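Written out below as structure tokens is the structure these notes cover.
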Amino acid sequence: MNLANLEAAVKSYGTRKLLDGVSLGVAAGDRIGVVGRNGSGKTTLLAALAGAIDLDAGRSTRARDAAIGYLPQSERLTGTVREIVFGGQPEHEWASDARGRALLAELLGGIDYDASAERLSGGERRRVALAALLRGTHDLLLLDEPTNHLDIEAIRWLAGYLKAHARAFVVVTHDRWFLDEVSDRTWEVADGKVHGYEGGYSAYVLARAERARLAAAQDERRRNLLRKELAWLRRGPPARTSKPRFRMEAAAALIADEPAPRDTVELASLAAARLGKTVLELDRVSVTAGPRALLREATWQLGPGDRVGVVGVNGSGKTTLLGLLAGRIGPAGAIETAGASEAAAGLVVTGRVVTGKTVRIGYLTQEPAPVDPGLRVLEAAEQVRGEVRIGKRELSASQLLDRLGLRGERQWTPVAELSGGERRRLQLQMVLMAEPNVLLLDEPTNDLDIETLTELEDMLDGFPGSVVVVSHDRYFLERVTDHVVALVDGSVALLPGGVEEYLDRRDREADAAGAGTGAGSAGTGPAGSPGAGPAPTAERQRQAKKELARLDRQLERLAGQEADLHAEMAGAASDYSRLIELGDRLRALQAEKIALEERWLAVAEEVSG
């Protein structure tokens, strides 16, 4: 039975038709992810299913007895946290529910239940709204960007919670890891229509690639109609019976033939030429914010061509780290970036930050830089530079705006009329137009749709410099970076196992804390699903096997890079300075390889045990 339906639904805003005769339904057990460009109508689709908007034509219906929960993108919360989440329910009733306690511990940890909603930050309001919704029992959940403002751990927990407890849901999100983790169907909203695909985000990408291949084949057929028709007739009926298999094999071949996203050796060589040996270094840097120590005698080095992701809990100092590297935070603790949360705390900085002589930093802050609101978008972009070179590509300001989703007439829109997502695109474009050789990106995925994220990833693939990314978007981190570091206990710790290792560490810390205090019953298991203690052995084994497979891939990649370096050294036998440089890179790579191998042995022992 369908829980919610749209029948020939039409909805327009001004001259833009976001839903154009859409008919679809959500049945019990459905787990649907919704993707599409910003402004394509994803939020409108969800609101129509929830009955939260009036349609211009068509019908929106819901099953009579179905309990439907709706999380809009913007919450209008009034009252205290306690009133919003618990209503008038006595404390002994909600405190006696183990699932409810785990949910509240994850979402409301550190939030004062008696605080007024108006005084909460955006992230805290999001958590309160989620807690209020998920405490109830619903037949269908309609979630619009539920991962906004959540950190990596909370996103993983929410995925586990939905898989374990949600009866059916439709979720709009730009977090591709989350989509892959929770959904078994994907809806793409485009041009007023909704196109359905089986599977999560990965299956959707494969289906789109196959659709593009078929479109290219159709173009080829139009250009060579007679030849193709004759070939088709010659193949005869057996070909028709094998067409589905052919499509699958062709799609697999399309992926298999695709080269690696980045030519690591070439980019490292270009980066070394542009940057020299010294890029950015922290030398025994300590940062305190009142009684809190964000960094303690931290020493860390960013090399030429390094691509590093930074993870850590909210408030651990990730934005502060970028501010230090960008030179925005000085010895007196002053920070120039408006809106940074650490600024209000009064930072005290000791130690030394070393910046290479040839370094040109491009710093994408969380808060948009001020731009004259009277300028048009293209005028603002061209104030930085008219053309830019990204890798081997020369792009005009207009072409770069186009790639970042500001197309056609939107380039002539006054800056004052841009949406939040469009301002983010313009901010990113202006950073790239300055032709930096070091990029510091603080939550670059905020307000960007999946298509724009894909374009950004493609541009970063050809960026011949160093990149440091702070993000809660796990898919983006794993896609654009080669290494991950975590801010842990005031230090910058290398994680050979990437995001998965970070989450495993956090799980072990939580288990240890729970065992020490006897409070484990209110926590979550390592797989991120609510529970009363550690995850079952089978789940641990599954996670360990996944990590082992990932480590195998990383070791294979490093082996290839090592072979390339040996070949380069053989070709540079008469160039002493080049040999020294290549030797330094080889030693660093071998050190990383040893760390990965040690981690592989530890995980392999866990799997076999």
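The way I read the labels, and the way they are meant: chains A, B, ... in the order of the structure tokens, residue 1 as the first residue of every chain, and ligand 1 as the first ligand shown, with later ones counted on from there.
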- Within 6 Å of stretch 122-139 of chain A, counting only C-alpha atoms, which residues show up once you throw out same-chain ones fewer than 5 positions away? Write them as a list in words, please. Ala66, Ala67, Ile68, Val85, Leu107, His149 and Arg167 of chain A
- Determine, counting only C-alpha atoms, which protein, DNA and RNA residues have an atom within 12 Å of an atom of A:Ala115; residues of the same chain fewer than 6 positions away are not included. Present the result as a PyMOL selection string. chain A and resi 77-85+108+121+124-125+128
- Near A:Pro370, counting only C-alpha atoms, which residues have an atom at most 12 Å away, once you skip same-chain residues fewer than 4 positions from it, shown as number ranges by chain? A: 337-338, 365, 374-375, 380, 415-416, 423-424, 426-427, 430
Let's have the selection written as a PDB file, in the first residue's frame, with C-alpha atoms.
ATOM      1  CA  THR A 337      37.601  35.671   9.381  1.00  0.00           C
ATOM      2  CA  ALA A 338      34.172  36.952  10.328  1.00  0.00           C
ATOM      3  CA  THR A 365      36.040  30.209   4.577  1.00  0.00           C
ATOM      4  CA  GLY A 374      25.488  46.070  -6.590  1.00  0.00           C
ATOM      5  CA  LEU A 375      27.840  44.156  -8.885  1.00  0.00           C
ATOM      6  CA  ALA A 380      32.407  40.381  -9.369  1.00  0.00           C
ATOM      7  CA  VAL A 415      25.043  39.669  -6.202  1.00  0.00           C
ATOM      8  CA  ALA A 416      22.407  40.907  -3.729  1.00  0.00           C
ATOM      9  CA  ARG A 423      26.858  32.939  -3.094  1.00  0.00           C
ATOM     10  CA  ARG A 424      28.884  29.877  -2.117  1.00  0.00           C
ATOM     11  CA  LEU A 426      30.665  32.724  -6.428  1.00  0.00           C
ATOM     12  CA  GLN A 427      32.927  32.637  -3.362  1.00  0.00           C
ATOM     13  CA  MET A 430      36.715  33.950  -6.784  1.00  0.00           C
TER      14      MET A 430
END
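You will find atom CA of A:Ala57 at 7.1 Å from atom CA of A:Lys11.
Using only C-alpha atoms for every distance, the candidate list A:Arg578, A:Arg587, A:Arg550, A:Arg506 yields A:Arg506 as the residue closest to A:Ile152.
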Counting only C-alpha atoms, which residues in stretch 359-449 of chain A sit no more than 10 Å from stretch 39-49 of chain A? For each one, give the nearest pair of atoms and the distance in Å, sorted by chain then residue number, as a Markdown table.
| residue | atom | partner | partner_atom | distance |
| --- | --- | --- | --- | --- |
| A:Ser419 | CA | A:Gly39 | CA | 9.9 |
| A:Gly421 | CA | A:Gly39 | CA | 9.7 |
| A:Asp449 | CA | A:Gly39 | CA | 9.3 |
- Note on the structure: Judged by only C-alpha atoms, the minimum distance to A:Ala588 among A:Gly303, A:Gly405, A:Gly323, A:Gly33 is found for A:Gly303
- Message: Using DSSP assignments from the backbone, pull out every residue in stretch 368-476 of chain A that falls under alpha helix (DSSP H) and give it to me as an MDAnalysis selection string.
- Response: chainID A and resid 377:384 397:403 420:433 450:461 474:476
Polymer residues at most 10 Å from A:Arg292, only C-alpha atoms, same-chain spacing of 4 or more positions, as a PDB file with N, CA and C atoms, in the first residue's frame:
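New file out.pdb:
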ATOM      1  N   VAL A 287      47.378  26.327  20.819  1.00  0.00           N
ATOM      2  CA  VAL A 287      46.276  27.278  20.728  1.00  0.00           C
ATOM      3  C   VAL A 287      45.298  26.974  21.854  1.00  0.00           C
ATOM      4  N   THR A 288      44.986  27.987  22.644  1.00  0.00           N
ATOM      5  CA  THR A 288      44.002  27.816  23.704  1.00  0.00           C
ATOM      6  C   THR A 288      42.865  28.808  23.490  1.00  0.00           C
ATOM      7  N   GLY A 315      34.057  21.711  17.178  1.00  0.00           N
ATOM      8  CA  GLY A 315      34.714  22.435  18.259  1.00  0.00           C
ATOM      9  C   GLY A 315      36.122  21.969  18.547  1.00  0.00           C
ATOM     10  N   SER A 316      36.635  20.996  17.770  1.00  0.00           N
ATOM     11  CA  SER A 316      37.992  20.497  18.038  1.00  0.00           C
ATOM     12  C   SER A 316      39.069  21.430  17.513  1.00  0.00           C
ATOM     13  N   ALA A 345      35.959  33.233  21.495  1.00  0.00           N
ATOM     14  CA  ALA A 345      36.521  32.636  22.701  1.00  0.00           C
ATOM     15  C   ALA A 345      37.816  33.304  23.133  1.00  0.00           C
ATOM     16  N   LEU A 347      41.430  33.579  21.389  1.00  0.00           N
ATOM     17  CA  LEU A 347      42.486  32.591  21.216  1.00  0.00           C
ATOM     18  C   LEU A 347      43.833  33.121  21.670  1.00  0.00           C
ATOM     19  N   GLY A 490      44.683  17.597  20.981  1.00  0.00           N
ATOM     20  CA  GLY A 490      45.579  18.719  20.744  1.00  0.00           C
ATOM     21  C   GLY A 490      46.672  18.467  19.735  1.00  0.00           C
TER      22      GLY A 490
END
- Message: Could you list, as a PyMOL selection string, every residue within 8 Å of A:Glu478, counting only C-alpha atoms and ignoring same-chain residues fewer than 3 positions away?
- Response: chain A and resi 474-475+481-482+498-499
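Distances from A:Leu295, A:Ala166, A:Leu441, A:Ala63 to A:Glu367 were compared using only C-alpha atoms, and the smallest one belongs to A:Leu441.
Between atom CA of A:Val603 and atom CA of A:Ala591 there is a distance of 18.6 Å.
Residues lying within 12 Å of A:Arg393, counting only C-alpha atoms and ignoring same-chain neighbours fewer than 5 positions away, are A:Glu387, A:Val388, A:Gln399, A:Leu400, A:Asp458, A:Met459, A:Leu460, A:Asp461, A:Gly462, A:Phe463, A:Pro464.
Rounded to one decimal, atom CA of A:Arg585 and atom CA of A:Lys277 lie 10.6 Å from each other.
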